[in-house]
Amino acid sequence: MKMVWLMAAGLAAGTALLWWIRRMSKRALKATDWAGAAALFAVFAIAGESVAAAILHDTVFMTEVHRFFANPFFLIGAGYLGPFLLAKMLERK
């Protein structure tokens with residue numbers, strides 16, 4: 001249960017940091033948006049590749065498809081997307 005609170009605290013801190021960075025300048029706003037787009041692309045490309053490999057190799061879908069969780073690019077991308085999307089939701093238009 002302690003791990004859940006640590007993860008929640010990290011998510012809150014990352015969200016606050018990104019929210020603050022995005023308010024600094026238009027350049028920072030664009031940079032974080034481009035990083036979010038790259039992270040989203042990486043996450044979906046890696047997940048799609050894992051699903052396609054499981055189907056093409058006719059492996060057990062429920063076990064083989066989860067190997068993408070071990071991919072560091074997936075973990076980095078997904079780790080950025082959480083705080084990024086929450087920070088975007090906090091923006092006032």
# chains A, B, ... in the order shown; residues from 1 in each chain; ligands from 1

$ residues_around --residues "Arg92 (chain A)" --least-positions-apart "2" --cutoff "12 Å" --atoms "only C-alpha atoms" --output "list in words"
Trp19, Arg22, Arg23, Ala87, Lys88, Met89 and Leu90 of chain A

$ select_by_dssp --residues "chain A" --states "alpha helix (DSSP H)" --output "VMD selection string"
chain A and resid 2 to 24 26 to 56 61 to 64 72 to 90

$ closest_residue --among "A:Met7, A:Ala70, A:Ala78, A:Val65" --to "Ala47 (chain A)" --atoms "only C-alpha atoms"
A:Val65

$ atom_distance --atom1 "CA of Leu75 (chain A)" --atom2 "CA of Phe44 (chain A)"
11.7 Å

$ atom_distance --atom1 "CA of Leu86 (chain A)" --atom2 "CA of Thr15 (chain A)"
6.2 Å

$ residues_around --residues "Leu11 (chain A)" --least-positions-apart "2" --cutoff "12 Å" --atoms "only C-alpha atoms" --output "MDAnalysis selection string"
chainID A and resid 4:9 13:19 78:87

$ closest_residue --among "A:Met24, A:Ala38, A:Met62, A:Leu29" --to "Ser50 (chain A)" --atoms "only C-alpha atoms"
A:Met62

$ atom_distance --atom1 "CA of Gly10 (chain A)" --atom2 "CA of Val51 (chain A)"
29.6 Å

$ residues_around --residues "Pro72 (chain A)" --least-positions-apart "4" --cutoff "12 Å" --atoms "only C-alpha atoms" --output "PDB file with N, CA, C and O atoms, in the first residue's frame"
ATOM      1  N   ALA A  39       5.971  10.852 -26.878  1.00  0.00           N
ATOM      2  CA  ALA A  39       5.705   9.802 -25.895  1.00  0.00           C
ATOM      3  C   ALA A  39       4.475   8.991 -26.300  1.00  0.00           C
ATOM      4  O   ALA A  39       4.480   7.760 -26.218  1.00  0.00           O
ATOM      5  N   ALA A  42       5.410   6.722 -29.189  1.00  0.00           N
ATOM      6  CA  ALA A  42       6.231   5.593 -28.743  1.00  0.00           C
ATOM      7  C   ALA A  42       5.391   4.545 -28.022  1.00  0.00           C
ATOM      8  O   ALA A  42       5.526   3.344 -28.289  1.00  0.00           O
ATOM      9  N   VAL A  43       4.527   4.981 -27.129  1.00  0.00           N
ATOM     10  CA  VAL A  43       3.707   4.045 -26.359  1.00  0.00           C
ATOM     11  C   VAL A  43       2.815   3.216 -27.288  1.00  0.00           C
ATOM     12  O   VAL A  43       2.744   1.988 -27.176  1.00  0.00           O
ATOM     13  N   ILE A  46       4.928   0.778 -29.633  1.00  0.00           N
ATOM     14  CA  ILE A  46       5.447  -0.393 -28.917  1.00  0.00           C
ATOM     15  C   ILE A  46       4.312  -1.353 -28.571  1.00  0.00           C
ATOM     16  O   ILE A  46       4.447  -2.572 -28.731  1.00  0.00           O
ATOM     17  N   ARG A  67       4.859  -8.316 -22.757  1.00  0.00           N
ATOM     18  CA  ARG A  67       6.311  -8.090 -22.766  1.00  0.00           C
ATOM     19  C   ARG A  67       6.649  -6.629 -23.034  1.00  0.00           C
ATOM     20  O   ARG A  67       7.732  -6.161 -22.691  1.00  0.00           O
ATOM     21  N   PHE A  68       5.728  -5.864 -23.598  1.00  0.00           N
ATOM     22  CA  PHE A  68       6.029  -4.455 -23.868  1.00  0.00           C
ATOM     23  C   PHE A  68       6.186  -3.655 -22.582  1.00  0.00           C
ATOM     24  O   PHE A  68       6.796  -2.593 -22.585  1.00  0.00           O
ATOM     25  N   ILE A  76       9.245   4.937 -20.193  1.00  0.00           N
ATOM     26  CA  ILE A  76       9.538   6.371 -20.183  1.00  0.00           C
ATOM     27  C   ILE A  76       8.370   7.153 -20.778  1.00  0.00           C
ATOM     28  O   ILE A  76       7.925   8.161 -20.210  1.00  0.00           O
ATOM     29  N   GLY A  77       7.859   6.686 -21.912  1.00  0.00           N
ATOM     30  CA  GLY A  77       6.748   7.377 -22.555  1.00  0.00           C
ATOM     31  C   GLY A  77       5.502   7.401 -21.692  1.00  0.00           C
ATOM     32  O   GLY A  77       4.865   8.439 -21.514  1.00  0.00           O
ATOM     33  N   ALA A  78       5.153   6.251 -21.130  1.00  0.00           N
ATOM     34  CA  ALA A  78       3.968   6.176 -20.277  1.00  0.00           C
ATOM     35  C   ALA A  78       4.167   6.972 -18.993  1.00  0.00           C
ATOM     36  O   ALA A  78       3.231   7.603 -18.494  1.00  0.00           O
ATOM     37  N   GLY A  79       5.392   6.985 -18.492  1.00  0.00           N
ATOM     38  CA  GLY A  79       5.686   7.754 -17.287  1.00  0.00           C
ATOM     39  C   GLY A  79       5.573   9.252 -17.505  1.00  0.00           C
ATOM     40  O   GLY A  79       5.244   9.999 -16.580  1.00  0.00           O
TER      41      GLY A  79
END
